[in-house]
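Working notes, structure below.
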Amino acid sequence: MIGHLNDQLSAYLDDELNEEEKKAIEAHLESCESCQALLDVWLAMQEQVKDIFQFAQAPAHIEANVMATIERNPQLFVRKRWFAIPLIVILLISVFGITTGTMFVKFIHSFTRLFVAILYMATHFLSNVPFVALSVSVLSLIVLTASIYSLRKAFQPASMERG
Amino acid sequence: MDEELHRIIRRAKRGDKEAYAQLVKDFKDPVYRYALGMLNDRMDAEDIAQEAFVKAYYSLPGLESEFAFSSWLFQIVSNLSKNRLKKRMRERNYYEEAEESTMAEPSDPSEKLSIEQSLARLSPEHREVILLHDVQGYRYEEIAQVTNVPLGTVKSRLFAARTALRNDLRKGELS
């Protein structure tokens with residue numbers, strides 16, 4: 001019976017087995033009449049199915065109808081362009097660049113405004129409190145004098161040092 | 001012959017209508033036969049064959065390799081046929097609900113069925129593999145591509161389809 005062979009017998013009929021599997025089926029068929037009979041039935045069925053459609057022909061106007069439909073809608077045929085993917089990548093990078101560029105400009109602008117505001121507040125505070133203004137002026141003069149002195153020392157010619 | 005066919009497919013892929021007309025001419029009979037086997041109705045088969053060729057033309061630029069054209073085309077026909085069968089089923093259910101009591105009498109179980117009738121009574125999946133193998137002459141690997149199932153499933157499905165077909169044919173003989 002077919003139960004012990006399952007789809008192997010069907011695949012044997014279709015010549016879809018390897019040599020080893022084929023030999024195993026052939027050996028079985030020699031001793032199993034029911035499988036041999038089943039194979040014959042399947043073979044006959046296969047021929048009958050083939051016969052049903054053998055003379056079926058498509059109506060002649062199919063070709064004309066298909067081509068007429070295609071002619072009516074040429075815009076639906078979109079050729080696959082090899083450069084489509086790189087183009088999309090460049091487009092995405094550009095959009096990203098423009099977006100982040102705008103953000104960067106906005107950031108610089110905000111930062112400048114903040115810096116100006118802080119500078120204004122600092123000068124305002126200094127001019128309103130005389131003690132702080134005086135202290136800052138004195139401190140500035142000391143730092144300036146010290147800087148000039150150290151610069152003069154640094155640039156003094158070596159010959160003068162030796163003399 | 002194959003090289004000539006591949007050249008025509010390449011030309012059609014670039015939008016050459018003359019080349020595509022040649023492809024329709026070459027494939028219309030096998031496509032129609034397959035649709036007829038799936039739908040068991042000449043008008044529907046003609047409709048599906050036309051629809052498949054139009055759809056294939058517009059999808060052609062997306063076809064990876066011209067070597068796969070045939071299985072790719074049959075995949076389109078297969079999907080369209082199955083959709084048509086589903087539509088039929090929905091319509092049938094609708095009318096059956098509408099005319100509850102006026103159902104047609106079931107066919108006489110003792111009546112001997114022809115191979116054509118038995119084939120039409122198989123499930124679409126079983127009918128599909130039988131048609132692709134026995135009528136179109138496809139190998140298991142090509143059937144797997146068309147039906148989008150593993151090779152092992154094609155093998156077991158063909159066995160199941162043959163068993164179902166044989167059992168259906170035997171019903172009439174035994175009763």
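A note on labels: chains of the structure tokens are A, B, ... as shown, every chain counts residues from 1, and ligands are counted from 1 in their shown order.
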
Could you list, as a VMD selection string, every residue of chain A that has an atom within 9 Å of an atom of chain B, counting only C-alpha atoms? chain A and resid 6 to 11 14 16 41 to 42 45 to 54 56 to 59 62 to 67 69 to 71 74 76 to 80

Mind writing the picked residues with N, CA and C atoms as a short mmCIF file (atom, residue, chain, number, x, y, z; two decimals), in the first residue's frame?
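As a result, result23.cif now contains:
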data_model
loop_
_atom_site.label_atom_id
_atom_site.label_comp_id
_atom_site.auth_asym_id
_atom_site.auth_seq_id
_atom_site.Cartn_x
_atom_site.Cartn_y
_atom_site.Cartn_z
N ASN A 6 4.38 6.98 0.88
CA ASN A 6 3.96 8.38 0.86
C ASN A 6 4.34 9.09 -0.44
N ASP A 7 4.93 10.28 -0.30
CA ASP A 7 5.16 11.08 -1.51
C ASP A 7 6.37 10.64 -2.33
N GLN A 8 7.12 9.64 -1.85
CA GLN A 8 8.29 9.19 -2.62
C GLN A 8 7.88 8.57 -3.95
N LEU A 9 6.76 7.82 -3.92
CA LEU A 9 6.30 7.15 -5.14
C LEU A 9 5.85 8.19 -6.18
N SER A 10 5.19 9.23 -5.68
CA SER A 10 4.74 10.32 -6.55
C SER A 10 5.94 11.05 -7.16
N ALA A 11 6.96 11.26 -6.33
CA ALA A 11 8.18 11.93 -6.83
C ALA A 11 8.94 11.03 -7.80
N ASP A 14 7.54 11.42 -11.15
CA ASP A 14 7.94 12.70 -11.75
C ASP A 14 9.45 12.81 -12.00
N GLU A 16 11.90 12.89 -9.84
CA GLU A 16 12.45 13.93 -8.97
C GLU A 16 13.26 13.33 -7.82
N VAL A 41 -2.09 3.87 -12.29
CA VAL A 41 -3.28 4.74 -12.23
C VAL A 41 -2.85 6.20 -12.34
N TRP A 42 -1.84 6.57 -11.58
CA TRP A 42 -1.36 7.96 -11.61
C TRP A 42 -0.87 8.35 -13.01
N MET A 45 -3.80 8.93 -15.15
CA MET A 45 -4.44 10.20 -14.77
C MET A 45 -3.67 11.39 -15.35
N GLN A 46 -2.34 11.27 -15.26
CA GLN A 46 -1.47 12.32 -15.77
C GLN A 46 -1.73 12.55 -17.27
N GLU A 47 -1.86 11.44 -18.00
CA GLU A 47 -2.11 11.53 -19.44
C GLU A 47 -3.46 12.16 -19.72
N GLN A 48 -4.47 11.77 -18.91
CA GLN A 48 -5.82 12.31 -19.10
C GLN A 48 -5.86 13.82 -18.86
N VAL A 49 -5.17 14.23 -17.80
CA VAL A 49 -5.14 15.67 -17.47
C VAL A 49 -4.47 16.44 -18.61
N LYS A 50 -3.40 15.88 -19.11
CA LYS A 50 -2.68 16.52 -20.21
C LYS A 50 -3.59 16.67 -21.44
N ASP A 51 -4.37 15.58 -21.69
CA ASP A 51 -5.26 15.57 -22.86
C ASP A 51 -6.34 16.64 -22.80
N ILE A 52 -6.83 16.93 -21.57
CA ILE A 52 -7.93 17.91 -21.44
C ILE A 52 -7.51 19.25 -22.04
N PHE A 53 -6.27 19.64 -21.74
CA PHE A 53 -5.83 20.99 -22.12
C PHE A 53 -4.99 21.05 -23.39
N GLN A 54 -4.72 19.87 -23.92
CA GLN A 54 -3.83 19.79 -25.08
C GLN A 54 -4.23 20.72 -26.22
N ALA A 56 -6.54 23.19 -25.96
CA ALA A 56 -7.11 24.48 -25.53
C ALA A 56 -6.21 25.62 -26.01
N GLN A 57 -6.80 26.52 -26.77
CA GLN A 57 -6.02 27.64 -27.30
C GLN A 57 -6.62 28.97 -26.85
N ALA A 58 -5.75 29.89 -26.57
CA ALA A 58 -6.23 31.21 -26.15
C ALA A 58 -6.91 31.90 -27.31
N PRO A 59 -8.01 32.64 -27.04
CA PRO A 59 -8.67 33.37 -28.15
C PRO A 59 -7.67 34.32 -28.83
N ILE A 62 -6.76 38.07 -27.60
CA ILE A 62 -6.08 38.39 -26.31
C ILE A 62 -4.91 39.33 -26.54
N GLU A 63 -4.09 38.98 -27.52
CA GLU A 63 -2.89 39.76 -27.81
C GLU A 63 -3.24 41.22 -28.13
N ALA A 64 -4.23 41.39 -29.01
CA ALA A 64 -4.63 42.75 -29.42
C ALA A 64 -5.19 43.53 -28.24
N ASN A 65 -6.01 42.84 -27.41
CA ASN A 65 -6.60 43.52 -26.24
C ASN A 65 -5.53 43.97 -25.25
N VAL A 66 -4.55 43.10 -25.01
CA VAL A 66 -3.48 43.41 -24.06
C VAL A 66 -2.69 44.62 -24.57
N MET A 67 -2.33 44.59 -25.85
CA MET A 67 -1.52 45.68 -26.40
C MET A 67 -2.30 46.99 -26.44
N THR A 69 -4.63 47.89 -24.29
CA THR A 69 -4.67 48.40 -22.90
C THR A 69 -3.35 49.07 -22.55
N ILE A 70 -2.26 48.45 -22.98
CA ILE A 70 -0.92 49.00 -22.69
C ILE A 70 -0.74 50.35 -23.39
N GLU A 71 -1.20 50.42 -24.63
CA GLU A 71 -1.08 51.68 -25.40
C GLU A 71 -1.86 52.81 -24.74
N PRO A 74 0.41 54.33 -21.13
CA PRO A 74 1.87 54.20 -21.18
C PRO A 74 2.56 54.75 -19.92
N LEU A 76 2.03 54.17 -16.94
CA LEU A 76 2.17 53.20 -15.84
C LEU A 76 3.46 52.41 -15.93
N PHE A 77 4.09 52.45 -17.11
CA PHE A 77 5.35 51.71 -17.27
C PHE A 77 6.49 52.58 -16.74
N VAL A 78 7.01 52.21 -15.57
CA VAL A 78 8.08 53.00 -14.95
C VAL A 78 9.37 52.20 -15.01
N ARG A 79 10.28 52.69 -15.86
CA ARG A 79 11.55 51.94 -16.02
C ARG A 79 12.36 52.03 -14.76
N LYS A 80 13.02 50.93 -14.45
CA LYS A 80 13.86 50.88 -13.26
C LYS A 80 15.15 51.64 -13.56
#

If we count only C-alpha atoms and set the cut-off at 9 Å, which residues sit around Ser81 in chain B, ignoring sequence neighbours fewer than 3 positions away in its own chain? Please answer as a list in words.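 Residues near the query, excluding close chain neighbours: Ala35, Met38, Leu39, Asp44, Ala45, Ile48, Ile76, Val77, Ser78, Arg84, Leu85 and Lys86 of chain B.
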
Only C-alpha atoms, please: the residues just picked out, written as a compact mmCIF listing (two decimals), in the first residue's frame.
# COMPACT_ATOMS: atom_id res chain seq x y z
CA ALA B 35 -6.08 29.91 -16.04
CA MET B 38 -7.70 26.85 -12.35
CA LEU B 39 -11.06 28.51 -13.07
CA ASP B 44 -12.90 33.92 -16.73
CA ALA B 45 -9.74 32.30 -18.10
CA ILE B 48 -7.40 36.50 -16.19
CA ILE B 76 0.94 36.44 -11.50
CA VAL B 77 -1.62 34.19 -13.23
CA SER B 78 -1.79 31.98 -10.14
CA ARG B 84 -10.99 35.28 -8.80
CA LEU B 85 -11.88 31.99 -7.07
CA LYS B 86 -12.19 33.81 -3.73

One decimal, Å: what's the distance from CA of Glu125 in chain B over to CA of Glu91 in chain B, could you say?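 Straight-line distance from CA of Glu125 in chain B to CA of Glu91 in chain B works out to 20.4 Å.
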
So that I can see what lies close to Glu142 in chain B, please list as a PyMOL selection string the residues with an atom at most 9 Å from it, counting only C-alpha atoms and leaving out residues fewer than 5 positions away in the same chain. chain B and resi 71+132+147

As a ChimeraX atom specification, please: all residues of chain A that backbone DSSP puts in helix (DSSP H, G or I). /A:2-4,7-13,19-31,33-54,61-72,74-76,84-128,130-154,158-162

Pairwise distance, CA of Val129 in chain B with CA of Ile143 in chain B, equals 7.0 Å
